[in-house]
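A short worksheet on the structure shown next.
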Amino acid sequence: MFKPCVLAALFSAASLANAANPIVKNIFTADPAALVDKGRVYLYVGKDEAPAGGKDYVMNEWRVYSSCDMKNWTDHGSPLKYSTFKWAGRDAWASDITKRNGKYYFYSTVDHATIPGKAIGVAVSDSPTGPFVDAIGKALVSNDMTRQSAILWDDIDPAVFIDDDGQAYLYWGNTVMKWAKLKPNMVELDGPIHTVGLDQFTEAAYLHKHKGTYYLTYSRQFPEETVYMTGPSATGPWTWGGQIMEPNANVKTIHQAIVDFNGKSYIFYHNGKLPGGGEFRRSAAVEELRYGPDGKILKVAQTAEGPAANPSPGCK
């Protein structure tokens with residue numbers, strides 16, 4: 001008979017064969033971030049651990065999964081926990097990740113142990129599956145650095161974008177969207193923190209580029225819907241685009257991430273459709289994202305089937 005630790009080790013590299021939505025069915029997963037690297041897509045999620053009937057988020061670690069075809073996913077376990085950041089007190093909230101100069105930089109939301117409020121940390125690894133270590137030993141952004149709002153959770157949901165000229169940007173915020181340039185080392189802000197007034201902005205700012213146009217997506221209103229704006233640069237000015245995804249039925253948040261993979265675009269999000277799911281027990285899912293001939297993002301419906309298989313040549 002296997003001991004629990006042996007079973008856990010075996011499952012950590014298990015394949016989730018032909019997983020449709022939700023992608024992960026054995027645990028609750030939320031706040032998806034995604035990275036495409038060497039023909040494989042990596043999905044990073046926070047693990048929702050709230051008990052049935054729980055009244056608050058319980059999130060202690062992030063998990064990572066990968067796929068060669070957007071249909072079959074491999075579980076790589078937990079690359080880091082909130083406790084990876086020794087200055088953090090709790091909470092493994094929303095994150096994002098990018099690759100630069102052969103290293104992987106993971107930007108994450110935690111609760112600061114000594115400065116009241118949420119903060120953004122940055123961890124680094126030589127592998128997309130970790131393990132990750134704290135890159136600077138302190139918060140990259142803490143609540144005392146931003147005074148646009150009196151709330152303690154306005155420095156959440158980091159998203160990182162590296163433009164074609166090599167300039168990196170960090171976007172984040174709740175109720176007020178903020179952005180700043182990053183230095184080439186990816187672990188220091190390069191200049192002041194800027195704010196942008198967006199229509200009924202809630203959280204989950206995310207930037208991607210498609211055919212020369214910059215798309216700023218975010219969660220709007222509460223319960224949240226996913227919407228987008230377009231602009232000529234990574235800092236705008238921004239023009240209203242429209243709604244991408246309608247609010248969830250039993251979960252107030254939705255939190256998107258968008259990537260291009262093997263010639264197609266995809267949007268990750270979360271909902272509460274796993275049995276026993278709900279506000280604090282969410283599940284990551286994915287759909288294909290399509291553009292109209294005018295560049296407008298077409299509305300995306302949530303499906304149980306998810307996207308069709310899209311095998312990446314040479315990916316194993």
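Residue numbering restarts at 1 for every chain of the structure tokens, chains are lettered A, B, ... in their displayed order, and ligands are numbered from 1 as they appear.
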
**Residue contacts of Pro313 (chain A) (9 Å, only C-alpha atoms) excluding same-chain residues fewer than 3 positions away, as a ChimeraX atom specification** = /A:39,68,262,316

**Polymer residues at most 9 Å from Ala20 (chain A), only C-alpha atoms, same-chain spacing of 6 or more positions, as a VMD selection string** = chain A and resid 71 to 72 285 to 286 303 to 307

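The nearest approach to Ser233 (chain A) among the residues A:Ala119, A:Leu216, A:Met245, A:Met145, with only C-alpha atoms taken into account, belongs to A:Leu216.
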
**Request:** Find the spatial neighbours of Ala150 (chain A), counting only C-alpha atoms, within a cut-off of 12 Å - ignore same-chain residues fewer than 2 positions away - and output them as a VMD selection string.
**Result:** chain A and resid 116 to 117 143 to 144 146 to 148 152 to 155 174 to 176

The selected residues should be written to file as a PDB file, in the first residue's frame (atoms: C-alpha atoms).
ATOM      1  CA  PRO A 116      -0.471  46.576   6.140  1.00  0.00           C
ATOM      2  CA  GLY A 117      -2.036  45.491   2.870  1.00  0.00           C
ATOM      3  CA  ASN A 143       0.769  49.315  -0.096  1.00  0.00           C
ATOM      4  CA  ASP A 144       2.705  52.248   1.345  1.00  0.00           C
ATOM      5  CA  THR A 146       0.573  53.715  -3.607  1.00  0.00           C
ATOM      6  CA  ARG A 147      -1.872  56.263  -2.176  1.00  0.00           C
ATOM      7  CA  GLN A 148      -4.581  56.331  -4.858  1.00  0.00           C
ATOM      8  CA  LEU A 152      -5.624  47.492   1.601  1.00  0.00           C
ATOM      9  CA  TRP A 153      -5.994  45.317  -1.511  1.00  0.00           C
ATOM     10  CA  ASP A 154      -5.303  47.822  -4.292  1.00  0.00           C
ATOM     11  CA  ASP A 155      -1.857  46.344  -5.092  1.00  0.00           C
ATOM     12  CA  ASN A 174      -7.804  47.086  -7.755  1.00  0.00           C
ATOM     13  CA  THR A 175     -10.261  49.965  -8.332  1.00  0.00           C
ATOM     14  CA  VAL A 176      -7.355  51.929  -9.859  1.00  0.00           C
TER      15      VAL A 176
END

**Message:** Need the shell around Thr129 (chain A): protein/DNA/RNA residues with any atom at most 7 Å away, counting only C-alpha atoms. Skip same-chain ones fewer than 3 positions apart. Format as a PyMOL selection string?
**Reply:** chain A and resi 64+76+79

**Message:** I need the residue nearest Lys86 (chain A) from this list: A:Asn310, A:Thr114, A:Gln256, A:Thr98. Use only C-alpha atoms for the distance.
**Reply:**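 Among the listed residues, A:Thr114 lies closest to Lys86 (chain A).
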
**Request:** Would you kindly return, as a VMD selection string, each protein, DNA or RNA residue with an atom no farther than 8 Å from any atom of Phe222 (chain A), considering only C-alpha atoms and excluding same-chain residues fewer than 6 positions away?
**Result:** chain A and resid 202 252 to 253

For the selection you just gave me, I'd like the residues written to a file as an mmCIF file, in the first residue's frame, keeping N, CA and C atoms.
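Just written: out.cif:
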data_model
loop_
_atom_site.group_PDB
_atom_site.id
_atom_site.type_symbol
_atom_site.label_atom_id
_atom_site.label_comp_id
_atom_site.auth_asym_id
_atom_site.auth_seq_id
_atom_site.Cartn_x
_atom_site.Cartn_y
_atom_site.Cartn_z
ATOM 1 N N THR A 202 -12.111 47.128 -12.156
ATOM 2 C CA THR A 202 -12.090 46.424 -10.880
ATOM 3 C C THR A 202 -10.687 45.875 -10.605
ATOM 4 N N LYS A 252 -18.032 35.739 -8.286
ATOM 5 C CA LYS A 252 -18.016 37.166 -8.634
ATOM 6 C C LYS A 252 -16.785 37.569 -9.434
ATOM 7 N N THR A 253 -15.694 36.789 -9.332
ATOM 8 C CA THR A 253 -14.470 37.121 -10.069
ATOM 9 C C THR A 253 -14.371 36.259 -11.327
#

**Request:** Might you pull out every residue within 8 Å of Ser265 (chain A), with only C-alpha atoms counted and same-chain residues fewer than 4 positions away left off, and present them as a PyMOL selection string?
**Result:** chain A and resi 258-261+288-290

**Request:** Determine which residues of region 69-287 of chain A DSSP labels as helix (DSSP H, G or I) from the backbone of this structure, then write them out as an NGL selection string.
**Result:** :A and (82-84 or 143-145)

Could you save the residues just selected, with C-alpha atoms, as an mmCIF file, in the first residue's frame?
data_model
loop_
_atom_site.group_PDB
_atom_site.id
_atom_site.type_symbol
_atom_site.label_atom_id
_atom_site.label_comp_id
_atom_site.auth_asym_id
_atom_site.auth_seq_id
_atom_site.Cartn_x
_atom_site.Cartn_y
_atom_site.Cartn_z
ATOM 1 C CA TYR A 82 3.466 32.416 -0.262
ATOM 2 C CA SER A 83 6.049 31.449 2.363
ATOM 3 C CA THR A 84 8.711 31.515 -0.385
ATOM 4 C CA ASN A 143 0.769 49.315 -0.096
ATOM 5 C CA ASP A 144 2.705 52.248 1.345
ATOM 6 C CA MET A 145 4.031 53.036 -2.149
#
